[in-house]
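Enquirer: One file: query_37.cif (mmCIF, C-alpha atoms).
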```
data_data
#
loop_
_atom_site.group_PDB
_atom_site.id
_atom_site.type_symbol
_atom_site.label_atom_id
_atom_site.label_comp_id
_atom_site.auth_asym_id
_atom_site.auth_seq_id
_atom_site.Cartn_x
_atom_site.Cartn_y
_atom_site.Cartn_z
ATOM 1 C CA MET A 512 124.752 104.257 91.870
ATOM 2 C CA GLY A 513 125.509 107.924 92.336
ATOM 3 C CA SER A 514 124.732 108.061 96.056
ATOM 4 C CA GLY A 515 126.436 111.411 96.586
ATOM 5 C CA LEU A 516 128.730 109.835 99.163
ATOM 6 C CA THR A 517 132.492 110.186 99.307
ATOM 7 C CA GLU A 518 134.841 107.187 99.376
ATOM 8 C CA GLN A 519 135.423 107.906 103.057
ATOM 9 C CA GLU A 520 131.694 107.855 103.830
ATOM 10 C CA MET A 521 131.234 104.625 101.868
ATOM 11 C CA ALA A 522 134.097 103.056 103.820
ATOM 12 C CA ALA A 523 132.388 104.215 107.038
ATOM 13 C CA ILE A 524 129.141 102.549 105.928
ATOM 14 C CA ARG A 525 130.905 99.302 105.011
ATOM 15 C CA GLN A 526 132.679 99.273 108.355
ATOM 16 C CA GLY A 527 129.432 100.091 110.200
ATOM 17 C CA ILE A 528 127.588 97.218 108.506
ATOM 18 C CA LYS A 529 130.354 94.726 109.318
ATOM 19 C CA GLU A 530 130.496 95.855 112.936
ATOM 20 C CA LYS A 531 126.734 95.724 113.392
ATOM 21 C CA TYR A 532 126.355 92.232 111.936
ATOM 22 C CA SER A 533 129.381 90.894 113.841
ATOM 23 C CA ARG A 534 127.562 92.156 116.941
ATOM 24 C CA VAL A 535 124.310 90.486 115.826
ATOM 25 C CA ALA A 536 126.206 87.229 115.201
ATOM 26 C CA ALA A 537 127.613 87.343 118.729
ATOM 27 C CA ALA A 538 124.621 88.652 120.681
ATOM 28 C CA GLY A 539 121.652 87.304 118.691
ATOM 29 C CA SER A 540 118.962 89.117 116.732
ATOM 30 C CA GLY A 541 117.252 90.418 119.882
ATOM 31 C CA CYS A 542 120.010 93.001 120.375
ATOM 32 C CA CYS A 543 119.768 95.157 117.360
ATOM 33 C CA PHE A 544 116.425 95.472 115.582
ATOM 34 C CA GLN A 545 113.354 97.628 116.045
ATOM 35 C CA TYR A 546 110.856 95.035 114.798
ATOM 36 C CA PRO A 547 109.940 91.535 116.047
ATOM 37 C CA THR A 548 112.648 88.930 115.450
ATOM 38 C CA GLY A 549 113.025 85.198 116.080
ATOM 39 C CA GLU A 550 110.058 82.817 115.839
ATOM 40 C CA GLU A 551 107.594 85.627 116.659
ATOM 41 C CA GLY A 552 108.837 87.655 113.673
ATOM 42 C CA MET A 553 108.522 84.573 111.462
ATOM 43 C CA ARG A 554 104.982 83.866 112.647
ATOM 44 C CA LEU A 555 103.927 87.469 111.971
ATOM 45 C CA GLN A 556 105.332 87.272 108.444
ATOM 46 C CA GLY A 557 103.564 83.984 107.657
ATOM 47 C CA TYR A 558 106.577 81.660 107.429
ATOM 48 C CA PRO A 559 105.836 77.950 106.908
ATOM 49 C CA LEU A 560 106.666 77.093 110.534
ATOM 50 C CA HIS A 561 105.147 73.620 110.107
ATOM 51 C CA LEU A 562 108.275 72.730 108.107
ATOM 52 C CA LEU A 563 110.480 73.719 111.025
ATOM 53 C CA LYS A 564 108.945 71.832 113.958
ATOM 54 C CA ASP A 565 112.170 69.931 114.665
ATOM 55 C CA VAL A 566 114.351 73.056 114.602
ATOM 56 C CA PRO A 567 115.718 74.188 117.997
ATOM 57 C CA LYS A 568 114.509 77.558 119.308
ATOM 58 C CA ALA A 569 118.099 78.822 119.439
ATOM 59 C CA PHE A 570 118.281 78.528 115.636
ATOM 60 C CA LEU A 571 114.990 80.333 114.958
ATOM 61 C CA ASP A 572 115.925 83.022 117.495
ATOM 62 C CA SER A 573 118.486 84.201 114.925
ATOM 63 C CA PHE A 574 115.767 85.294 112.501
ATOM 64 C CA CYS A 575 115.848 89.037 111.856
ATOM 65 C CA GLY A 576 114.289 89.222 108.386
ATOM 66 C CA VAL A 577 112.214 92.233 107.321
ATOM 67 C CA GLY A 578 109.592 90.117 105.545
ATOM 68 C CA ASN A 579 108.927 86.687 104.086
ATOM 69 C CA PRO A 580 110.405 86.193 100.604
ATOM 70 C CA PHE A 581 108.725 82.763 100.406
ATOM 71 C CA SER A 582 105.324 84.485 100.327
ATOM 72 C CA LEU A 583 106.203 85.843 96.858
ATOM 73 C CA GLY A 584 105.963 82.523 95.055
ATOM 74 C CA PRO A 585 106.734 78.836 95.370
ATOM 75 C CA ILE A 586 110.187 77.292 95.731
ATOM 76 C CA ASN A 587 109.857 73.869 94.153
ATOM 77 C CA GLU A 588 111.307 70.486 94.949
ATOM 78 C CA GLY A 589 114.647 69.845 93.282
ATOM 79 C CA GLU A 590 115.454 73.502 92.577
ATOM 80 C CA ALA A 591 118.749 75.349 93.145
ATOM 81 C CA VAL A 592 118.416 78.417 95.370
ATOM 82 C CA LEU A 593 120.870 81.157 96.348
ATOM 83 C CA ASP A 594 120.288 83.083 99.583
ATOM 84 C CA ILE A 595 122.164 86.400 99.276
ATOM 85 C CA GLY A 596 123.072 87.776 102.689
ATOM 86 C CA CYS A 597 121.998 84.579 104.433
ATOM 87 C CA GLY A 598 122.930 85.839 107.902
ATOM 88 C CA ALA A 599 122.458 83.109 110.501
ATOM 89 C CA GLY A 600 120.805 80.861 107.885
ATOM 90 C CA VAL A 601 117.096 80.741 108.812
ATOM 91 C CA ASP A 602 115.876 81.500 105.247
ATOM 92 C CA THR A 603 118.548 79.157 103.921
ATOM 93 C CA LEU A 604 117.032 76.413 106.059
ATOM 94 C CA VAL A 605 113.461 77.171 104.905
ATOM 95 C CA ALA A 606 114.634 77.051 101.268
ATOM 96 C CA ALA A 607 116.430 73.753 101.917
ATOM 97 C CA ARG A 608 113.251 72.229 103.370
ATOM 98 C CA LEU A 609 111.282 73.383 100.299
ATOM 99 C CA VAL A 610 113.711 72.082 97.654
ATOM 100 C CA GLY A 611 114.209 68.795 99.523
ATOM 101 C CA PRO A 612 117.143 66.403 99.163
ATOM 102 C CA LYS A 613 117.124 66.599 95.351
ATOM 103 C CA GLY A 614 117.586 70.377 95.381
ATOM 104 C CA ARG A 615 120.390 72.493 96.754
ATOM 105 C CA VAL A 616 120.757 75.800 98.557
ATOM 106 C CA VAL A 617 123.759 78.090 98.900
ATOM 107 C CA GLY A 618 123.937 80.690 101.663
ATOM 108 C CA LEU A 619 126.219 83.651 100.968
ATOM 109 C CA ASP A 620 127.144 86.377 103.436
ATOM 110 C CA VAL A 621 129.705 89.154 103.494
ATOM 111 C CA THR A 622 130.361 88.816 107.239
ATOM 112 C CA PRO A 623 132.500 85.770 108.143
ATOM 113 C CA GLU A 624 131.065 85.849 111.700
ATOM 114 C CA MET A 625 127.568 85.405 110.238
ATOM 115 C CA VAL A 626 128.601 82.460 108.082
ATOM 116 C CA GLY A 627 130.171 80.998 111.237
ATOM 117 C CA LYS A 628 126.899 81.543 113.085
ATOM 118 C CA ALA A 629 124.919 79.883 110.268
ATOM 119 C CA GLN A 630 127.238 76.885 110.365
ATOM 120 C CA ALA A 631 126.900 76.703 114.153
ATOM 121 C CA ASN A 632 123.100 76.834 113.754
ATOM 122 C CA PHE A 633 123.132 73.996 111.220
ATOM 123 C CA ALA A 634 125.306 71.975 113.594
ATOM 124 C CA LEU A 635 122.208 71.864 115.851
ATOM 125 C CA LEU A 636 120.448 69.770 113.169
ATOM 126 C CA PRO A 637 121.229 66.400 111.625
ATOM 127 C CA PRO A 638 123.620 66.877 108.658
ATOM 128 C CA GLN A 639 121.849 68.102 105.501
ATOM 129 C CA GLY A 640 123.563 67.333 102.225
ATOM 130 C CA ASN A 641 121.854 70.032 100.194
ATOM 131 C CA ILE A 642 123.226 73.144 101.909
ATOM 132 C CA SER A 643 126.511 75.009 101.649
ATOM 133 C CA PHE A 644 127.753 78.382 102.866
ATOM 134 C CA GLN A 645 130.225 80.869 101.434
ATOM 135 C CA VAL A 646 131.647 84.253 102.350
ATOM 136 C CA GLY A 647 131.142 86.673 99.460
ATOM 137 C CA GLU A 648 129.669 89.963 98.273
ATOM 138 C CA ALA A 649 126.377 90.571 96.500
ATOM 139 C CA GLU A 650 128.179 92.876 94.054
ATOM 140 C CA SER A 651 130.405 90.060 92.757
ATOM 141 C CA LEU A 652 128.737 86.684 93.197
ATOM 142 C CA PRO A 653 131.193 83.783 93.061
ATOM 143 C CA PHE A 654 128.958 81.671 90.794
ATOM 144 C CA PRO A 655 128.688 80.998 87.052
ATOM 145 C CA GLU A 656 125.882 82.353 84.882
ATOM 146 C CA GLY A 657 122.492 80.646 85.007
ATOM 147 C CA GLU A 658 123.226 78.601 88.119
ATOM 148 C CA PHE A 659 120.035 79.100 90.172
ATOM 149 C CA ASP A 660 116.267 78.699 89.762
ATOM 150 C CA ALA A 661 115.611 81.267 92.463
ATOM 151 C CA VAL A 662 117.538 83.939 94.314
ATOM 152 C CA ILE A 663 116.171 84.918 97.710
ATOM 153 C CA SER A 664 117.337 87.711 99.966
ATOM 154 C CA ASN A 665 116.018 89.305 103.125
ATOM 155 C CA GLY A 666 116.985 92.801 104.218
ATOM 156 C CA VAL A 667 120.255 92.871 102.298
ATOM 157 C CA PHE A 668 120.076 94.928 99.088
ATOM 158 C CA ASN A 669 119.331 98.073 101.096
ATOM 159 C CA LEU A 670 122.783 97.618 102.656
ATOM 160 C CA THR A 671 124.678 97.139 99.399
ATOM 161 C CA LEU A 672 126.528 100.211 98.222
ATOM 162 C CA ASP A 673 126.264 99.445 94.505
ATOM 163 C CA LYS A 674 122.672 98.220 94.152
ATOM 164 C CA GLU A 675 122.716 98.238 90.367
ATOM 165 C CA LYS A 676 125.759 95.974 90.273
ATOM 166 C CA ALA A 677 124.271 93.651 92.914
ATOM 167 C CA LEU A 678 120.972 93.336 90.982
ATOM 168 C CA LYS A 679 122.809 92.666 87.720
ATOM 169 C CA GLU A 680 124.738 89.927 89.512
ATOM 170 C CA ALA A 681 121.495 88.366 90.767
ATOM 171 C CA TYR A 682 120.183 88.473 87.198
ATOM 172 C CA ARG A 683 123.362 86.868 85.861
ATOM 173 C CA VAL A 684 123.322 83.857 88.197
ATOM 174 C CA LEU A 685 119.612 83.150 87.577
ATOM 175 C CA LYS A 686 118.566 80.663 84.929
ATOM 176 C CA PRO A 687 116.331 82.063 82.155
ATOM 177 C CA GLY A 688 112.850 82.065 83.681
ATOM 178 C CA GLY A 689 114.355 82.221 87.206
ATOM 179 C CA ARG A 690 112.809 84.235 90.056
ATOM 180 C CA LEU A 691 114.168 86.918 92.330
ATOM 181 C CA LEU A 692 112.231 86.878 95.620
ATOM 182 C CA LEU A 693 113.192 89.842 97.779
ATOM 183 C CA ALA A 694 112.196 91.084 101.166
ATOM 184 C CA ASP A 695 113.953 94.352 101.812
ATOM 185 C CA MET A 696 113.840 97.762 103.416
ATOM 186 C CA VAL A 697 112.546 100.637 101.325
ATOM 187 C CA LEU A 698 112.280 104.326 102.170
ATOM 188 C CA VAL A 699 108.738 105.280 103.163
ATOM 189 C CA ALA A 700 109.586 108.812 104.342
ATOM 190 C CA ASP A 701 112.203 111.389 103.453
ATOM 191 C CA LEU A 702 115.557 110.963 105.139
ATOM 192 C CA PRO A 703 117.001 113.878 107.088
ATOM 193 C CA GLY A 704 118.833 116.055 104.612
ATOM 194 C CA GLU A 705 122.327 115.994 105.997
ATOM 195 C CA LEU A 706 124.701 113.282 104.820
ATOM 196 C CA ALA A 707 125.632 112.297 108.354
ATOM 197 C CA GLY A 708 122.050 111.075 108.763
ATOM 198 C CA LYS A 709 122.353 109.191 105.490
ATOM 199 C CA VAL A 710 125.467 107.360 106.648
ATOM 200 C CA GLU A 711 123.889 106.468 110.000
ATOM 201 C CA ASN A 712 120.653 105.314 108.391
ATOM 202 C CA TRP A 713 122.366 103.028 105.971
ATOM 203 C CA TYR A 714 122.637 100.117 108.344
ATOM 204 C CA GLN A 715 119.805 100.697 110.784
ATOM 205 C CA MET B 1178 117.033 106.212 90.705
ATOM 206 C CA ASP B 1179 114.523 104.175 92.651
ATOM 207 C CA PHE B 1180 114.973 100.509 93.389
ATOM 208 C CA LEU B 1181 112.300 99.208 90.971
ATOM 209 C CA ALA B 1182 113.837 101.219 88.131
ATOM 210 C CA LEU B 1183 117.203 99.658 88.999
ATOM 211 C CA LEU B 1184 115.626 96.186 88.924
ATOM 212 C CA LYS B 1185 114.186 96.840 85.467
ATOM 213 C CA LYS B 1186 117.541 98.163 84.279
ATOM 214 C CA ALA B 1187 119.228 95.019 85.628
ATOM 215 C CA GLY B 1188 116.985 92.855 83.399
ATOM 216 C CA PHE B 1189 113.823 92.176 85.430
ATOM 217 C CA PRO B 1190 111.176 93.803 83.155
ATOM 218 C CA SER B 1191 108.158 92.981 85.315
ATOM 219 C CA ALA B 1192 109.711 93.792 88.708
ATOM 220 C CA GLU B 1193 107.097 94.941 91.203
ATOM 221 C CA LEU B 1194 106.716 95.963 94.811
ATOM 222 C CA VAL B 1195 104.137 93.438 95.982
ATOM 223 C CA LYS B 1196 103.469 94.819 99.461
ATOM 224 C CA LEU B 1197 104.920 96.413 102.564
ATOM 225 C CA THR B 1198 105.524 94.031 105.470
ATOM 226 C CA GLY B 1199 104.831 96.359 108.401
ATOM 227 C CA PHE B 1200 108.323 95.817 109.866
ATOM 228 C CA LYS B 1201 109.976 99.217 110.305
ATOM 229 C CA SER B 1202 113.702 99.461 110.954
ATOM 230 C CA SER B 1203 113.622 103.237 111.425
ATOM 231 C CA PRO B 1204 111.093 106.056 111.097
ATOM 232 C CA TYR B 1205 112.064 106.239 107.419
ATOM 233 C CA THR B 1206 112.315 102.615 106.327
ATOM 234 C CA GLU B 1207 109.878 99.710 106.139
ATOM 235 C CA GLY B 1208 110.118 96.117 104.953
ATOM 236 C CA ALA B 1209 108.804 95.444 101.448
ATOM 237 C CA LEU B 1210 108.267 92.353 99.318
ATOM 238 C CA ILE B 1211 109.609 92.702 95.804
ATOM 239 C CA TYR B 1212 109.328 90.198 92.959
ATOM 240 C CA GLY B 1213 111.479 90.084 89.835
ATOM 241 C CA GLY B 1214 111.377 87.422 87.129
ATOM 242 C CA LYS B 1215 114.196 86.817 84.653
ATOM 243 C CA PRO B 1216 112.556 86.360 81.236
ATOM 244 C CA SER B 1217 112.689 82.835 79.822
ATOM 245 C CA VAL B 1218 114.314 82.177 76.446
ATOM 246 C CA MET B 1219 110.814 82.033 74.880
ATOM 247 C CA GLN B 1220 109.810 85.393 76.395
ATOM 248 C CA ASP B 1221 113.023 86.976 75.090
ATOM 249 C CA LYS B 1222 112.252 85.694 71.570
ATOM 250 C CA GLU B 1223 108.683 87.000 71.773
ATOM 251 C CA ALA B 1224 109.949 90.431 72.829
ATOM 252 C CA ALA B 1225 112.387 90.495 69.918
ATOM 253 C CA ARG B 1226 109.643 89.472 67.448
ATOM 254 C CA SER B 1227 107.243 92.113 68.679
ATOM 255 C CA GLN B 1228 109.769 94.846 67.882
ATOM 256 C CA LYS B 1229 108.940 96.518 64.586
ATOM 257 C CA ASP B 1230 111.047 95.695 61.547
ATOM 258 C CA PRO B 1231 113.127 98.880 60.888
ATOM 259 C CA LEU B 1232 112.546 98.735 57.109
ATOM 260 C CA GLN B 1233 108.790 98.471 57.619
ATOM 261 C CA ALA B 1234 108.913 101.377 60.080
ATOM 262 C CA TYR B 1235 110.776 103.513 57.510
ATOM 263 C CA GLU B 1236 108.209 102.664 54.834
ATOM 264 C CA GLU B 1237 105.406 103.807 57.166
ATOM 265 C CA PHE B 1238 107.255 107.055 57.890
ATOM 266 C CA ARG B 1239 107.829 107.659 54.161
ATOM 267 C CA SER B 1240 104.233 107.090 53.079
ATOM 268 C CA LEU B 1241 102.979 109.363 55.894
ATOM 269 C CA THR B 1242 105.411 112.103 54.813
ATOM 270 C CA PHE B 1243 104.266 111.989 51.199
ATOM 271 C CA GLY B 1244 100.619 111.486 52.111
ATOM 272 C CA PRO B 1245 97.953 114.166 51.783
ATOM 273 C CA GLY B 1246 98.595 117.330 53.807
ATOM 274 C CA ALA B 1247 99.074 121.096 53.424
ATOM 275 C CA LEU B 1248 101.223 120.512 50.330
ATOM 276 C CA ASP B 1249 100.234 118.285 47.427
ATOM 277 C CA ARG B 1250 102.232 115.196 46.558
ATOM 278 C CA LYS B 1251 103.907 116.711 43.493
ATOM 279 C CA THR B 1252 105.228 119.708 45.512
ATOM 280 C CA LYS B 1253 106.545 117.375 48.234
ATOM 281 C CA TYR B 1254 108.387 115.247 45.671
ATOM 282 C CA LEU B 1255 109.906 118.368 44.055
ATOM 283 C CA ILE B 1256 111.097 119.594 47.497
ATOM 284 C CA ALA B 1257 112.568 116.130 48.195
ATOM 285 C CA LEU B 1258 114.312 116.183 44.795
ATOM 286 C CA GLY B 1259 115.724 119.692 45.484
ATOM 287 C CA ALA B 1260 116.898 118.619 48.972
ATOM 288 C CA SER B 1261 118.630 115.486 47.683
ATOM 289 C CA LEU B 1262 120.366 117.414 44.851
ATOM 290 C CA ALA B 1263 121.494 120.116 47.329
ATOM 291 C CA ALA B 1264 122.871 117.367 49.636
ATOM 292 C CA GLY B 1265 124.788 115.880 46.706
ATOM 293 C CA CYS B 1266 122.691 112.684 46.529
ATOM 294 C CA ASP B 1267 121.799 110.961 43.298
ATOM 295 C CA PRO B 1268 117.986 110.857 43.500
#
```
How does this structure look as structure tokens?

Expert:
Amino acid sequence: MGSGLTEQEMAAIRQGIKEKYSRVAAAGSGCCFQYPTGEEGMRLQGYPLHLLKDVPKAFLDSFCGVGNPFSLGPINEGEAVLDIGCGAGVDTLVAARLVGPKGRVVGLDVTPEMVGKAQANFALLPPQGNISFQVGEAESLPFPEGEFDAVISNGVFNLTLDKEKALKEAYRVLKPGGRLLLADMVLVADLPGELAGKVENWYQ
Amino acid sequence: MDFLALLKKAGFPSAELVKLTGFKSSPYTEGALIYGGKPSVMQDKEAARSQKDPLQAYEEFRSLTFGPGALDRKTKYLIALGASLAAGCDP
């Protein structure tokens, strides 16, 4: 999309995003967000916490979603789900509980530290056969066409630099009749005019 | 271009912003729930069927052009004949 940013500014944004989420992976979600995170954030957004009673607090503490994509429609037993920008894997886990052992869920994140954190979180639980993680970008999904029944994502597309490409990729990997369930940040007020503000705001 | 327009362009015709979540990450940005469905094969076929047949559309255009108006039908046909001869067509 024509964002009016130079290559240098886009590189600065990319770098800023990677640095921020490496920091989140290391320090936990409490460090870096202006809204409730962890189990409290999940409760406020109406997550199905009854499915997660056995999950250690340390895992749920990683939650820093901006909303609840599962409130947009059902994820059914046996389905294949892709979680774009899975972060520490909380939504990936919820999806895995909903699809059950006959379904499967893939968590994808651009930050290797976050995928590491998700894997460490899942190590706190008994092994689950229906989950896998990959490092990859939303703008070029490493999956064939028509692979998933649902694509979920939480607070990620606002960070992507080429949103049109990322959305077309989500469309491509969905089966016909598939659902895109997004929780994301949208602008609700005008940004400060200068580009410096735009670059800083990108990954807030 | 706004995000919903991008979603529609990417192939999600009924994409909608369902609601805001109340989680603000800055004074300018708030969480939102957005739904997009990829049309099923059946829906794609329906959409294709509901598009007007081009030949039928041309017929409608033609009969409206030669229908009653400020000029009578004979004058319109003579103008059409003159135009096609001037353009080098064989009427």

Enquirer: Show me, as a ChimeraX atom specification, the residues of chain A whose atoms get within 9 Å of chain B, using only C-alpha atoms for the distance check.

Expert: /A:512-513,544-547,556,576-580,582-584,666,674-682,685-702,712,715

Enquirer: Report, in Å with one decimal, the straight-line distance from CA of Thr622 (chain A) to CA of Glu648 (chain A).

Expert: 9.1 Å

Enquirer: With the file shown as input, list the residues that the PyMOL selection byres ((chain A and resi 639-641) around 6) selects, as an MDAnalysis selection string.

Expert: chainID A and resid 615 638 642

Enquirer: One number please: CA of Gly1259 (chain B) to CA of Phe1243 (chain B), in Å, one decimal.

Expert: 14.9 Å

Enquirer: What gap, in Å, lies between CA of Val566 (chain A) and CA of Val621 (chain A)?

Expert: 24.9 Å

Enquirer: Nearest to Ser643 (chain A) among A:Asn665, A:Thr517, A:Thr603, A:Gln526, with distances taken over all atoms listed in the file: which residue is it?

Expert: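 Among the listed residues, the smallest separation from Ser643 (chain A) belongs to A:Thr603.
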
Enquirer: Applied to this file, what does the PyMOL selection byres ((chain A and resi 618) around 8) return in terms of residues, put as a CSV table (one decimal) with C-alpha atoms, in the frame of the given file?

Expert:
```
chain,number,residue,atom,x,y,z
A,593,LEU,CA,120.9,81.2,96.3
A,594,ASP,CA,120.3,83.1,99.6
A,595,ILE,CA,122.2,86.4,99.3
A,596,GLY,CA,123.1,87.8,102.7
A,597,CYS,CA,122.0,84.6,104.4
A,600,GLY,CA,120.8,80.9,107.9
A,603,THR,CA,118.5,79.2,103.9
A,616,VAL,CA,120.8,75.8,98.6
A,617,VAL,CA,123.8,78.1,98.9
A,619,LEU,CA,126.2,83.7,101.0
A,620,ASP,CA,127.1,86.4,103.4
A,642,ILE,CA,123.2,73.1,101.9
A,643,SER,CA,126.5,75.0,101.6
A,644,PHE,CA,127.8,78.4,102.9
A,645,GLN,CA,130.2,80.9,101.4
```

Enquirer: Could you put an axis-aligned box around every listed atom of region 517-523 of chain A, padded by 5 Å on each side, and send me its centre and edge lengths in Å to one decimal, as AutoDock Vina command-line options?

Expert:
```
--center_x 133.3 --center_y 106.6 --center_z 103.2 --size_x 14.2 --size_y 17.1 --size_z 17.7
```

Enquirer: With all atoms listed in the file as the basis for distance, which of A:Asn632, A:Glu590, A:Met553, A:Val610 is at the shortest distance from Phe570 (chain A)?

Expert: A:Asn632
